[in-house]
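This is entry-v5.txt (compact mmCIF, C-alpha atoms and all ligand atoms).
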```txt
# COMPACT_ATOMS: atom_id res chain seq x y z
CA MET A 11 -83.66 3.44 -8.43
CA SER A 12 -86.28 5.54 -10.22
CA HIS A 13 -87.10 4.78 -13.84
CA PRO A 14 -86.01 7.34 -16.43
CA VAL A 15 -88.28 9.59 -18.43
CA VAL A 16 -88.24 8.00 -21.89
CA VAL A 17 -88.47 10.23 -24.95
CA ILE A 18 -89.43 8.42 -28.16
CA GLY A 19 -88.07 9.93 -31.38
CA ALA A 20 -84.94 12.04 -31.82
CA GLY A 21 -86.29 14.52 -34.33
CA LEU A 22 -86.33 18.20 -33.41
CA SER A 23 -89.24 17.71 -31.01
CA GLY A 24 -87.68 14.79 -29.14
CA LEU A 25 -84.31 16.49 -28.85
CA HIS A 26 -85.88 19.71 -27.60
CA ALA A 27 -88.00 17.81 -25.06
CA SER A 28 -84.93 15.88 -23.89
CA ARG A 29 -82.98 19.07 -23.43
CA LEU A 30 -85.76 20.72 -21.41
CA LEU A 31 -86.10 17.60 -19.25
CA VAL A 32 -82.35 17.45 -18.59
CA GLN A 33 -82.39 21.13 -17.67
CA ALA A 34 -85.16 20.33 -15.18
CA GLY A 35 -82.99 17.62 -13.60
CA GLN A 36 -84.75 14.57 -15.08
CA LYS A 37 -82.96 11.36 -16.02
CA VAL A 38 -83.65 10.88 -19.75
CA LEU A 39 -83.49 7.88 -22.06
CA LEU A 40 -83.89 8.95 -25.70
CA ILE A 41 -85.02 6.25 -28.15
CA GLU A 42 -84.69 6.65 -31.92
CA ALA A 43 -85.60 4.03 -34.51
CA ARG A 44 -83.31 5.41 -37.21
CA GLU A 45 -79.52 5.17 -36.98
CA ARG A 46 -79.31 8.96 -37.31
CA LEU A 47 -80.78 11.91 -35.41
CA GLY A 48 -83.08 14.51 -36.94
CA GLY A 49 -86.15 12.66 -38.26
CA ARG A 50 -87.55 14.83 -41.04
CA VAL A 51 -84.57 17.19 -40.69
CA LEU A 52 -81.76 16.13 -43.01
CA SER A 53 -78.97 18.26 -44.50
CA GLN A 54 -76.45 16.65 -46.82
CA GLY A 55 -73.69 17.62 -49.21
CA LEU A 56 -69.98 17.32 -49.83
CA PRO A 57 -68.09 16.07 -46.78
CA SER A 58 -65.42 18.71 -47.43
CA ALA A 59 -67.77 21.71 -47.64
CA ALA A 60 -69.19 23.66 -44.74
CA HIS A 61 -72.48 24.13 -46.54
CA ARG A 62 -75.05 21.38 -46.76
CA ALA A 63 -78.31 21.42 -48.63
CA ASP A 64 -81.57 20.60 -46.90
CA LEU A 65 -83.42 17.52 -48.10
CA GLY A 66 -86.02 18.11 -45.40
CA PRO A 67 -87.03 21.51 -43.99
CA SER A 68 -85.02 24.55 -45.02
CA TRP A 69 -87.07 27.58 -44.04
CA PHE A 70 -88.33 29.34 -40.98
CA TRP A 71 -90.07 32.68 -40.68
CA PRO A 72 -88.59 35.12 -38.13
CA GLY A 73 -91.28 36.76 -36.03
CA LEU A 74 -93.75 33.99 -36.85
CA ASN A 75 -91.41 31.26 -35.56
CA PRO A 76 -89.96 32.76 -32.36
CA ARG A 77 -88.76 29.43 -30.92
CA VAL A 78 -86.70 28.53 -33.99
CA GLU A 79 -85.28 32.04 -34.06
CA ARG A 80 -84.35 31.86 -30.36
CA LEU A 81 -82.78 28.42 -30.68
CA ALA A 82 -80.63 29.44 -33.67
CA ALA A 83 -79.50 32.55 -31.77
CA GLU A 84 -78.76 30.57 -28.61
CA PHE A 85 -76.67 28.10 -30.63
CA GLY A 86 -74.81 30.95 -32.35
CA LEU A 87 -76.09 29.89 -35.78
CA GLY A 88 -76.32 32.58 -38.44
CA VAL A 89 -79.59 32.93 -40.34
CA TYR A 90 -80.10 34.51 -43.75
CA PRO A 91 -83.00 35.28 -46.07
CA GLN A 92 -83.91 33.01 -48.96
CA TYR A 93 -82.12 34.34 -52.03
CA ALA A 94 -84.69 35.66 -54.50
CA ARG A 95 -82.98 38.40 -56.53
CA GLY A 96 -83.36 38.02 -60.30
CA ALA A 97 -85.80 36.50 -62.74
CA THR A 98 -88.04 33.50 -62.14
CA ALA A 99 -88.06 30.68 -64.71
CA ILE A 100 -91.47 29.44 -65.80
CA GLU A 101 -91.46 26.11 -67.59
CA GLY A 102 -94.46 25.13 -69.69
CA GLN A 103 -95.71 21.59 -70.24
CA ASP A 104 -93.81 21.50 -73.54
CA GLY A 105 -90.51 22.31 -71.80
CA GLN A 106 -90.37 25.91 -73.13
CA VAL A 107 -88.82 28.23 -70.53
CA ARG A 108 -90.04 31.79 -70.05
CA LYS A 109 -88.04 34.37 -68.08
CA GLN A 110 -90.36 36.23 -65.73
CA GLN A 111 -88.52 39.34 -64.60
CA SER A 112 -90.23 39.71 -61.23
CA SER A 113 -88.44 37.89 -58.40
CA TRP A 114 -90.06 35.21 -56.26
CA GLU A 115 -89.95 36.95 -52.89
CA GLN A 116 -91.94 35.10 -50.26
CA SER A 117 -94.01 37.21 -47.95
CA PRO A 118 -93.13 37.18 -45.11
CA SER A 119 -89.53 36.37 -46.08
CA SER A 120 -88.37 32.87 -45.39
CA TYR A 121 -84.97 32.40 -43.76
CA ARG A 122 -82.39 29.62 -43.79
CA ILE A 123 -80.04 28.44 -41.08
CA GLU A 124 -76.29 28.47 -41.51
CA GLY A 125 -74.93 24.96 -42.14
CA GLY A 126 -78.43 23.69 -42.97
CA THR A 127 -81.34 22.99 -40.63
CA GLN A 128 -79.48 19.97 -39.33
CA SER A 129 -77.22 22.37 -37.41
CA LEU A 130 -80.18 22.80 -35.03
CA ILE A 131 -80.24 19.04 -34.47
CA GLU A 132 -76.49 18.76 -33.97
CA ARG A 133 -76.29 21.65 -31.56
CA SER A 134 -79.33 20.41 -29.61
CA TYR A 135 -77.70 17.02 -29.16
CA GLU A 136 -74.26 18.46 -28.35
CA ARG A 137 -75.84 20.29 -25.42
CA ILE A 138 -77.21 17.10 -23.87
CA GLN A 139 -74.99 14.25 -25.04
CA ASP A 140 -73.29 13.82 -21.65
CA GLN A 141 -76.56 13.80 -19.73
CA VAL A 142 -78.86 11.73 -21.94
CA ASP A 143 -78.78 8.00 -22.57
CA LEU A 144 -79.37 7.73 -26.35
CA LYS A 145 -80.28 4.53 -28.16
CA THR A 146 -80.47 4.79 -31.94
CA GLY A 147 -81.57 1.91 -34.19
CA THR A 148 -84.13 1.12 -31.49
CA ARG A 149 -87.82 1.06 -32.28
CA LEU A 150 -90.76 1.38 -29.94
CA LEU A 151 -93.26 -1.40 -30.62
CA GLY A 152 -95.75 -0.80 -27.86
CA MET A 153 -96.56 0.50 -24.40
CA LYS A 154 -98.27 -1.06 -21.42
CA LEU A 155 -99.59 1.10 -18.62
CA ARG A 156 -98.72 -0.22 -15.17
CA VAL A 157 -99.68 1.23 -11.79
CA ASP A 158 -96.29 2.75 -11.11
CA ALA A 159 -94.71 3.05 -14.57
CA VAL A 160 -95.06 2.51 -18.32
CA GLU A 161 -93.61 -0.68 -19.72
CA LEU A 162 -92.17 -0.10 -23.19
CA THR A 163 -91.45 -2.85 -25.68
CA LEU A 164 -88.40 -1.89 -27.72
CA LYS A 165 -86.60 -3.62 -30.56
CA ASP A 166 -83.12 -3.24 -31.97
CA ALA A 167 -80.89 -5.41 -34.16
CA SER A 168 -80.29 -7.85 -31.33
CA GLY A 169 -83.97 -8.46 -30.51
CA SER A 170 -86.72 -6.99 -28.35
CA TRP A 171 -86.80 -6.18 -24.66
CA THR A 172 -88.85 -4.17 -22.17
CA GLN A 173 -87.94 -0.94 -20.44
CA LEU A 174 -89.77 0.77 -17.59
CA ALA A 175 -90.36 4.50 -17.78
CA SER A 176 -91.58 6.84 -15.05
CA GLN A 177 -93.00 9.08 -17.80
CA VAL A 178 -93.02 8.94 -21.60
CA VAL A 179 -92.80 11.72 -24.17
CA LEU A 180 -93.95 10.36 -27.55
CA THR A 181 -92.94 12.34 -30.65
CA VAL A 182 -93.87 9.70 -33.24
CA PRO A 183 -96.32 11.28 -35.76
CA PRO A 184 -99.99 10.42 -34.97
CA ARG A 185 -100.52 8.28 -38.09
CA LEU A 186 -97.50 6.12 -37.31
CA THR A 187 -98.54 5.92 -33.66
CA ALA A 188 -101.95 4.58 -34.68
CA GLN A 189 -100.49 2.26 -37.31
CA ASP A 190 -97.39 0.87 -35.57
CA LEU A 191 -97.79 0.97 -31.78
CA GLN A 192 -99.61 -1.52 -29.57
CA MET A 193 -101.16 0.19 -26.53
CA GLU A 194 -102.35 -1.67 -23.46
CA PRO A 195 -104.97 -0.66 -22.40
CA SER A 196 -105.88 0.06 -26.00
CA TRP A 197 -106.99 3.52 -27.02
CA PRO A 198 -110.60 4.30 -27.93
CA GLU A 199 -111.34 3.48 -31.58
CA ALA A 200 -112.55 7.05 -32.26
CA LEU A 201 -109.20 8.46 -31.10
CA VAL A 202 -107.21 5.96 -33.16
CA LYS A 203 -109.36 6.85 -36.19
CA ASP A 204 -108.69 10.53 -35.60
CA MET A 205 -104.95 9.86 -35.43
CA ARG A 206 -105.07 7.87 -38.66
CA ASN A 207 -106.78 10.88 -40.26
CA THR A 208 -104.03 13.27 -39.14
CA PRO A 209 -101.59 13.64 -42.05
CA THR A 210 -97.87 13.74 -41.30
CA TRP A 211 -96.82 17.09 -42.69
CA MET A 212 -94.70 16.87 -45.88
CA ALA A 213 -94.41 13.09 -45.52
CA GLY A 214 -95.56 12.54 -49.11
CA GLN A 215 -92.95 14.92 -50.52
CA ALA A 216 -89.62 14.40 -52.24
CA LYS A 217 -86.80 16.89 -52.72
CA PHE A 218 -83.88 17.05 -55.14
CA VAL A 219 -80.76 19.13 -54.42
CA ALA A 220 -77.69 19.86 -56.52
CA ILE A 221 -74.56 21.61 -55.22
CA TYR A 222 -72.38 23.51 -57.69
CA GLN A 223 -68.99 25.20 -57.83
CA ASN A 224 -70.65 28.57 -58.34
CA ALA A 225 -74.10 30.13 -58.69
CA PHE A 226 -73.92 30.36 -62.49
CA TRP A 227 -77.68 31.08 -62.69
CA ARG A 228 -77.26 34.28 -60.66
CA GLU A 229 -74.64 35.51 -63.15
CA ALA A 230 -77.19 34.97 -65.94
CA GLY A 231 -79.82 37.04 -64.11
CA TRP A 232 -81.87 34.18 -62.67
CA SER A 233 -82.80 34.04 -59.00
CA GLY A 234 -82.73 30.24 -59.09
CA ALA A 235 -86.49 30.18 -58.50
CA ALA A 236 -88.58 28.30 -61.04
CA MET A 237 -92.10 27.01 -61.48
CA SER A 238 -92.69 24.11 -63.79
CA HIS A 239 -95.76 22.59 -65.41
CA ARG A 240 -93.63 19.78 -66.81
CA GLY A 241 -91.64 18.47 -63.87
CA PRO A 242 -90.46 16.34 -62.30
CA MET A 243 -89.79 19.33 -59.98
CA VAL A 244 -92.65 21.82 -59.70
CA GLU A 245 -91.00 24.46 -57.51
CA ILE A 246 -87.29 25.23 -57.45
CA HIS A 247 -85.22 27.63 -55.37
CA ASP A 248 -81.67 28.76 -54.78
CA ALA A 249 -80.23 26.82 -51.82
CA SER A 250 -76.78 28.43 -51.66
CA ASP A 251 -75.13 29.44 -48.41
CA ALA A 252 -75.33 33.01 -47.10
CA THR A 253 -72.39 34.25 -49.16
CA GLY A 254 -73.20 32.34 -52.35
CA GLN A 255 -69.73 30.77 -52.18
CA THR A 256 -71.21 27.30 -51.96
CA ALA A 257 -73.92 27.29 -54.57
CA ALA A 258 -76.94 25.02 -54.68
CA LEU A 259 -80.40 24.60 -56.16
CA PHE A 260 -83.23 22.52 -54.74
CA GLY A 261 -86.67 21.55 -55.94
CA PHE A 262 -89.86 19.95 -54.68
CA VAL A 263 -90.75 17.00 -56.86
CA GLY A 264 -94.33 17.19 -58.13
CA ALA A 265 -94.53 13.64 -59.48
CA SER A 266 -96.69 11.37 -57.31
CA PRO A 267 -95.18 8.99 -54.72
CA ALA A 268 -96.42 6.05 -56.84
CA TYR A 269 -94.65 7.35 -59.96
CA ARG A 270 -91.49 8.03 -57.94
CA ALA A 271 -91.50 4.57 -56.43
CA GLY A 272 -91.98 3.13 -59.93
CA ILE A 273 -88.99 4.84 -61.55
CA GLY A 274 -86.66 4.80 -58.50
CA THR A 275 -84.50 7.59 -57.06
CA GLU A 276 -81.68 7.26 -59.60
CA ALA A 277 -83.97 7.95 -62.57
CA LEU A 278 -85.70 10.71 -60.58
CA ALA A 279 -82.33 12.36 -59.91
CA SER A 280 -81.29 12.24 -63.55
CA GLN A 281 -84.69 13.61 -64.71
CA SER A 282 -84.36 16.42 -62.14
CA LEU A 283 -80.87 17.27 -63.32
CA ALA A 284 -82.06 17.32 -66.94
CA GLN A 285 -84.78 19.73 -65.87
CA LEU A 286 -82.22 22.08 -64.28
CA VAL A 287 -80.31 22.04 -67.60
CA ARG A 288 -83.52 23.00 -69.47
CA LEU A 289 -84.10 25.83 -67.01
CA PHE A 290 -80.65 27.25 -66.34
CA GLY A 291 -78.39 25.95 -69.11
CA PRO A 292 -75.65 23.33 -69.61
CA ALA A 293 -73.65 24.33 -66.49
CA ALA A 294 -76.41 22.69 -64.45
CA ALA A 295 -75.43 19.26 -65.83
CA THR A 296 -72.31 18.89 -63.69
CA PRO A 297 -73.03 19.40 -60.00
CA LEU A 298 -70.34 18.69 -57.42
CA TRP A 299 -72.94 16.71 -55.51
CA SER A 300 -76.61 15.90 -55.91
CA GLY A 301 -79.18 13.90 -53.99
CA VAL A 302 -82.84 12.94 -53.80
CA LYS A 303 -84.83 12.26 -50.68
CA ASP A 304 -88.20 10.63 -51.14
CA TRP A 305 -89.89 10.95 -47.77
CA ALA A 306 -92.90 8.92 -48.89
CA GLN A 307 -90.64 5.84 -49.01
CA GLU A 308 -89.52 6.31 -45.39
CA PRO A 309 -91.58 4.08 -43.08
CA LEU A 310 -90.45 6.07 -40.02
CA THR A 311 -91.99 9.21 -41.52
CA ALA A 312 -94.76 8.26 -43.94
CA SER A 313 -97.64 5.84 -43.61
CA GLU A 314 -99.47 4.45 -46.65
CA SER A 315 -102.09 7.23 -46.32
CA ASP A 316 -99.36 9.91 -46.45
CA ARG A 317 -98.69 8.88 -50.04
CA GLN A 318 -101.93 10.62 -51.06
CA PRO A 319 -101.28 14.25 -52.05
CA LEU A 320 -102.43 16.94 -49.59
CA ALA A 321 -104.35 19.84 -51.06
CA TYR A 322 -104.17 22.02 -47.96
CA HIS A 323 -102.29 22.48 -44.70
CA PRO A 324 -104.16 20.29 -42.17
CA MET A 325 -105.63 21.74 -39.00
CA TYR A 326 -103.63 20.28 -36.15
CA GLY A 327 -105.11 20.35 -32.67
CA ASP A 328 -104.17 19.89 -29.06
CA PRO A 329 -103.20 16.30 -28.33
CA VAL A 330 -105.71 14.03 -26.67
CA VAL A 331 -104.48 11.27 -24.37
CA PRO A 332 -107.01 8.75 -23.02
CA GLY A 333 -107.75 9.37 -19.33
CA GLU A 334 -105.90 6.44 -17.79
CA TRP A 335 -102.72 7.35 -19.70
CA GLY A 336 -102.97 11.03 -18.78
CA GLN A 337 -100.55 10.92 -15.86
CA ARG A 338 -97.70 9.13 -17.61
CA LEU A 339 -97.82 9.85 -21.35
CA TRP A 340 -97.16 13.19 -23.03
CA LEU A 341 -97.65 13.66 -26.75
CA ALA A 342 -95.23 15.90 -28.66
CA GLY A 343 -94.06 16.09 -32.29
CA THR A 344 -95.08 18.88 -34.63
CA GLU A 345 -98.50 17.39 -35.47
CA ARG A 346 -99.42 17.94 -31.80
CA SER A 347 -98.97 21.71 -31.93
CA ALA A 348 -102.28 23.54 -32.27
CA ASN A 349 -100.69 26.82 -33.39
CA TYR A 350 -97.69 25.77 -35.48
CA GLY A 351 -98.56 22.18 -36.44
CA GLY A 352 -96.43 20.81 -39.28
CA TYR A 353 -93.58 23.27 -38.92
CA LEU A 354 -90.25 23.21 -37.09
CA GLU A 355 -91.79 25.77 -34.75
CA GLY A 356 -94.56 23.25 -33.99
CA ALA A 357 -92.01 20.55 -33.11
CA LEU A 358 -90.52 22.91 -30.51
CA ASP A 359 -93.89 24.19 -29.29
CA ALA A 360 -95.30 20.68 -28.81
CA ALA A 361 -92.15 19.60 -26.95
CA GLU A 362 -92.48 22.57 -24.60
CA GLN A 363 -96.16 21.87 -23.91
CA ALA A 364 -95.48 18.18 -23.27
CA VAL A 365 -92.57 18.85 -20.90
CA LYS A 366 -94.56 21.51 -19.05
CA GLY A 367 -97.36 19.02 -18.40
CA LEU A 368 -94.93 16.28 -17.47
CA LEU A 369 -93.00 18.39 -14.97
CA ALA A 370 -96.20 19.61 -13.33
CA GLN A 371 -97.30 15.98 -12.98
CA VAL A 372 -93.94 14.91 -11.54
CA ALA A 373 -94.09 17.80 -9.03
CA LYS A 374 -97.61 16.74 -8.01
CA GLN A 375 -96.52 13.12 -7.56
CA SER A 376 -93.51 14.06 -5.47
CA LEU A 377 -95.63 16.34 -3.24
CA ARG A 378 -98.08 13.47 -2.72
CA GLN A 379 -95.18 11.19 -1.80
CA GLN A 380 -93.83 13.69 0.73
CA ILE A 381 -97.27 14.03 2.34
CA ASN A 382 -97.62 10.23 2.56
CA THR A 383 -94.13 9.68 3.99
CA PRO A 384 -94.37 9.49 7.79
C1 LIG B 1 -89.41 17.77 -47.47
C2 LIG B 1 -89.81 18.52 -46.22
C3 LIG B 1 -89.75 19.91 -46.22
C4 LIG B 1 -90.13 20.62 -45.06
N1 LIG B 1 -89.99 21.99 -45.07
C5 LIG B 1 -90.21 22.68 -43.93
C6 LIG B 1 -89.84 24.05 -43.84
O1 LIG B 1 -89.28 24.63 -44.79
N2 LIG B 1 -90.10 24.70 -42.65
C7 LIG B 1 -90.68 24.07 -41.58
O2 LIG B 1 -90.88 24.72 -40.55
N3 LIG B 1 -91.00 22.74 -41.63
C8 LIG B 1 -90.77 22.04 -42.77
N4 LIG B 1 -90.99 20.69 -42.81
C9 LIG B 1 -91.59 20.04 -41.61
C10 LIG B 1 -90.52 19.75 -40.52
O3 LIG B 1 -89.53 18.92 -41.06
C11 LIG B 1 -91.18 19.07 -39.33
O4 LIG B 1 -92.14 19.94 -38.77
C12 LIG B 1 -90.23 18.69 -38.18
O5 LIG B 1 -88.98 18.24 -38.64
C13 LIG B 1 -90.93 17.64 -37.32
O6 LIG B 1 -90.11 17.26 -36.25
P1 LIG B 1 -90.67 16.18 -35.21
O7 LIG B 1 -89.57 15.91 -34.26
O8 LIG B 1 -91.99 16.61 -34.71
O9 LIG B 1 -90.97 14.88 -36.11
P2 LIG B 1 -89.94 13.91 -36.86
O10 LIG B 1 -88.80 14.69 -37.38
O11 LIG B 1 -90.75 13.11 -37.82
O12 LIG B 1 -89.39 12.99 -35.68
C14 LIG B 1 -90.03 11.81 -35.25
C15 LIG B 1 -88.93 10.82 -34.92
O13 LIG B 1 -89.52 9.63 -34.41
C16 LIG B 1 -88.81 8.53 -34.95
N5 LIG B 1 -89.68 7.36 -34.87
C17 LIG B 1 -90.78 7.09 -35.63
N6 LIG B 1 -91.35 5.93 -35.21
C18 LIG B 1 -90.61 5.48 -34.19
C19 LIG B 1 -90.71 4.34 -33.33
N7 LIG B 1 -91.70 3.44 -33.44
N8 LIG B 1 -89.76 4.17 -32.36
C20 LIG B 1 -88.74 5.08 -32.21
N9 LIG B 1 -88.61 6.19 -33.00
C21 LIG B 1 -89.55 6.37 -33.95
C22 LIG B 1 -88.47 8.95 -36.35
O14 LIG B 1 -87.40 8.20 -36.88
C23 LIG B 1 -88.11 10.42 -36.16
O15 LIG B 1 -86.74 10.61 -35.90
C24 LIG B 1 -90.60 19.94 -43.92
C25 LIG B 1 -90.65 18.52 -43.92
C26 LIG B 1 -90.23 17.83 -45.06
C27 LIG B 1 -90.26 16.31 -45.04
```

What would you get if you wrote out this structure as structure tokens?
Amino acid sequence: MSHPVVVIGAGLSGLHASRLLVQAGQKVLLIEARERLGGRVLSQGLPSAAHRADLGPSWFWPGLNPRVERLAAEFGLGVYPQYARGATAIEGQDGQVRKQQSSWEQSPSSYRIEGGTQSLIERSYERIQDQVDLKTGTRLLGMKLRVDAVELTLKDASGSWTQLASQVVLTVPPRLTAQDLQMEPSWPEALVKDMRNTPTWMAGQAKFVAIYQNAFWREAGWSGAAMSHRGPMVEIHDASDATGQTAALFGFVGASPAYRAGIGTEALASQSLAQLVRLFGPAAATPLWSGVKDWAQEPLTASESDRQPLAYHPMYGDPVVPGEWGQRLWLAGTERSANYGGYLEGALDAAEQAVKGLLAQVAKQSLRQQINTP
């Protein structure tokens, strides 16, 4: 029996790659180290409410992100522009709040996905769940290149074992690949160094979200957008659903990963809530639900180096695979997209490029086999 194509990582890139492979008739084994799907995509909220707030990505840009737009449309998911009507709150270092009447419209406009970005993950998996063998809580430790296959060393709660793969699609971010995975034959030092120098986009960030009964800030003329020189959140936005019936605010935490780790998520959440009260009044003190996600503390997203703040969006380039691995290993994940690296669009783009290369290789191999079969 032929070995499956093994996809490592069930974030957006791994799920998209798996779906494309299944559509092309490949047998797919999808391996995910976390117990949940989505990777950096995570939407949470009240179990009873349809709306969930995004603790990972929340925006895409129609026109600029055609793959995300197409996927949402294909899955029948509504999309809606980021709410920005009303005044912006500017908080000084001393905690004084100034009402800036101009709204914080992004240009081009950013859009959200109905039900949170995680809807993309759920719908992607729904489409393939009967055709893909999924193993969550299973971590890739290393890969060994054999003549006819790749031997993967995997580990779950019951121990470690090996699995043969005809082809591998690897969506683990480059830094974690360089840090965590044992390759045999090993990769050239220059390439490993380059991977270590490739930041995992947004991995050093933390987000706070609070869900409310109603968008009380809108009634008071605020858009929900705020900029703060005091913190802990430095940039805040409205995160309500399309109708505003389920109301929410979210903010990017500006405090450093070291500071956050020092005070812990509970203290960070209560400081963030206190900040929302300073900005938008006492109604902010009693959310229906609130949560913090500190991505820098997630070893399956952030490496030690990702805890250093990024001053710019890194240049991501086409993936390089050492020659001998070139016929069996395909690198995906958003950091492998030259045009959209870092974004959701990049996760989809990189998956498409990887699967395209893989399928061309499989077609070549099967042609060679046919020619050699008497
Ligand atoms: C706070 C935050 C805000 C963001 N905002 C936006 C936004 O508004 N718009 C936007 O376009 N993008 C945004 N992004 C970026 C976006 O989330 C990513 O581009 C996208 O989710 C990357 O998907 P991926 O599948 O490439 O990687 P990941 O989601 O990181 O998936 C990699 C998967 O591999 C798994 N894994 C890691 N190591 C192993 C191993 N050894 N074995 C098995 N599995 C392993 C991980 O658990 C993970 O599930 C944001 C990210 C964050 C964190």

Tell me, as a compact mmCIF listing (two decimals) with C-alpha atoms, in the coordinates of the input, which residues lie within 10 Å of range 135-140 of chain A, counting only C-alpha atoms; anything in the same chain fewer than 6 positions away does not count.
```txt
# COMPACT_ATOMS: atom_id res chain seq x y z
CA ALA A 20 -84.94 12.04 -31.82
CA LEU A 22 -86.33 18.20 -33.41
CA LEU A 25 -84.31 16.49 -28.85
CA HIS A 26 -85.88 19.71 -27.60
CA SER A 28 -84.93 15.88 -23.89
CA ARG A 29 -82.98 19.07 -23.43
CA LEU A 30 -85.76 20.72 -21.41
CA VAL A 32 -82.35 17.45 -18.59
CA GLN A 33 -82.39 21.13 -17.67
CA VAL A 38 -83.65 10.88 -19.75
CA LEU A 47 -80.78 11.91 -35.41
CA GLY A 48 -83.08 14.51 -36.94
CA PHE A 85 -76.67 28.10 -30.63
CA SER A 129 -77.22 22.37 -37.41
```

**Item:** Residues within 10 Å of range 86-98 of chain A, all atoms listed in the file, excluding chain neighbours under 5 positions, as a PyMOL selection string
**Value:** chain A and resi 68-72+79-81+107-116+119-127+129-130+133+227-237+246-254+289

**Asked** CA of Leu56 in chain A to CA of Glu132 in chain A: how many Å, to one decimal?
**Response**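 Separation between CA of Leu56 in chain A and CA of Glu132 in chain A: 17.2 Å.
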
Dump as JSON lines the rows for residues of range 193-253 of chain A within 8 Å of range 316-328 of chain A: closest atom pair and distance in Å with one decimal, only C-alpha atoms counted, ordered by chain and rising residue number.
```
{"residue": "A:Thr208", "atom": "CA", "partner": "A:Tyr326", "partner_atom": "CA", "distance": 7.6}
{"residue": "A:Pro209", "atom": "CA", "partner": "A:Asp316", "partner_atom": "CA", "distance": 6.2}
{"residue": "A:Thr210", "atom": "CA", "partner": "A:Asp316", "partner_atom": "CA", "distance": 6.6}
{"residue": "A:Trp211", "atom": "CA", "partner": "A:His323", "partner_atom": "CA", "distance": 7.9}
{"residue": "A:Ala213", "atom": "CA", "partner": "A:Asp316", "partner_atom": "CA", "distance": 6.0}
{"residue": "A:Gly214", "atom": "CA", "partner": "A:Arg317", "partner_atom": "CA", "distance": 4.9}
```

Write the residues of the preceding selection, restricted to C-alpha atoms, as a PDB file, keeping the file's coordinate frame.
```pdb
ATOM      1  CA  THR A 208    -104.030  13.270 -39.140  1.00  0.00           C
ATOM      2  CA  PRO A 209    -101.590  13.640 -42.050  1.00  0.00           C
ATOM      3  CA  THR A 210     -97.870  13.740 -41.300  1.00  0.00           C
ATOM      4  CA  TRP A 211     -96.820  17.090 -42.690  1.00  0.00           C
ATOM      5  CA  ALA A 213     -94.410  13.090 -45.520  1.00  0.00           C
ATOM      6  CA  GLY A 214     -95.560  12.540 -49.110  1.00  0.00           C
TER       7      GLY A 214
END
```

**Request:** Give me the residues within 7 Å of Leu52 in chain A as a VMD selection string, counting all atoms listed in the file and dropping any in the same chain fewer than 4 places off.
**Result:** chain A and resid 48 64 to 66 128

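Closest approach to Lys154 in chain A from the set A:Leu174, A:Val331, A:Leu286, A:Ala293 is made by A:Leu174, with distances taken over all atoms listed in the file.
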
**Asked** What do you get as number ranges by chain if you pick all residues at most 6 Å from ligand LIG 1 (chain B), counting only C-alpha atoms and all ligand atoms?
**Response** A: 18-24, 41-44, 48-51, 66-70, 149-151, 181-182, 212-213, 215-217, 310-311, 343-344, 352-355, 357

Could you complete range 258-265 of chain A so that it carries N, CA, C and O atoms, and give it back as a tab-separated table (two decimals), in the coordinates of the input?
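As a result, selection.tsv now contains:
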```
chain	number	residue	atom	x	y	z
A	258	ALA	N	-76.06	26.20	-54.58
A	258	ALA	CA	-76.94	25.02	-54.68
A	258	ALA	C	-78.33	25.42	-55.17
A	258	ALA	O	-78.76	26.56	-55.01
A	259	LEU	N	-78.99	24.46	-55.77
A	259	LEU	CA	-80.40	24.60	-56.16
A	259	LEU	C	-81.16	23.42	-55.56
A	259	LEU	O	-80.60	22.33	-55.42
A	260	PHE	N	-82.42	23.67	-55.18
A	260	PHE	CA	-83.23	22.52	-54.74
A	260	PHE	C	-84.62	22.65	-55.34
A	260	PHE	O	-85.06	23.74	-55.69
A	261	GLY	N	-85.30	21.51	-55.44
A	261	GLY	CA	-86.67	21.55	-55.94
A	261	GLY	C	-87.56	20.53	-55.25
A	261	GLY	O	-87.09	19.48	-54.80
A	262	PHE	N	-88.84	20.90	-55.15
A	262	PHE	CA	-89.86	19.95	-54.68
A	262	PHE	C	-90.33	19.16	-55.89
A	262	PHE	O	-90.71	19.75	-56.90
A	263	VAL	N	-90.33	17.85	-55.76
A	263	VAL	CA	-90.75	17.00	-56.86
A	263	VAL	C	-92.29	16.96	-56.87
A	263	VAL	O	-92.91	16.72	-55.83
A	264	GLY	N	-92.86	17.19	-58.04
A	264	GLY	CA	-94.33	17.19	-58.13
A	264	GLY	C	-94.89	15.82	-58.49
A	264	GLY	O	-96.06	15.55	-58.23
A	265	ALA	N	-94.05	14.97	-59.08
A	265	ALA	CA	-94.53	13.64	-59.48
A	265	ALA	C	-95.03	12.88	-58.26
A	265	ALA	O	-94.49	13.03	-57.16
```
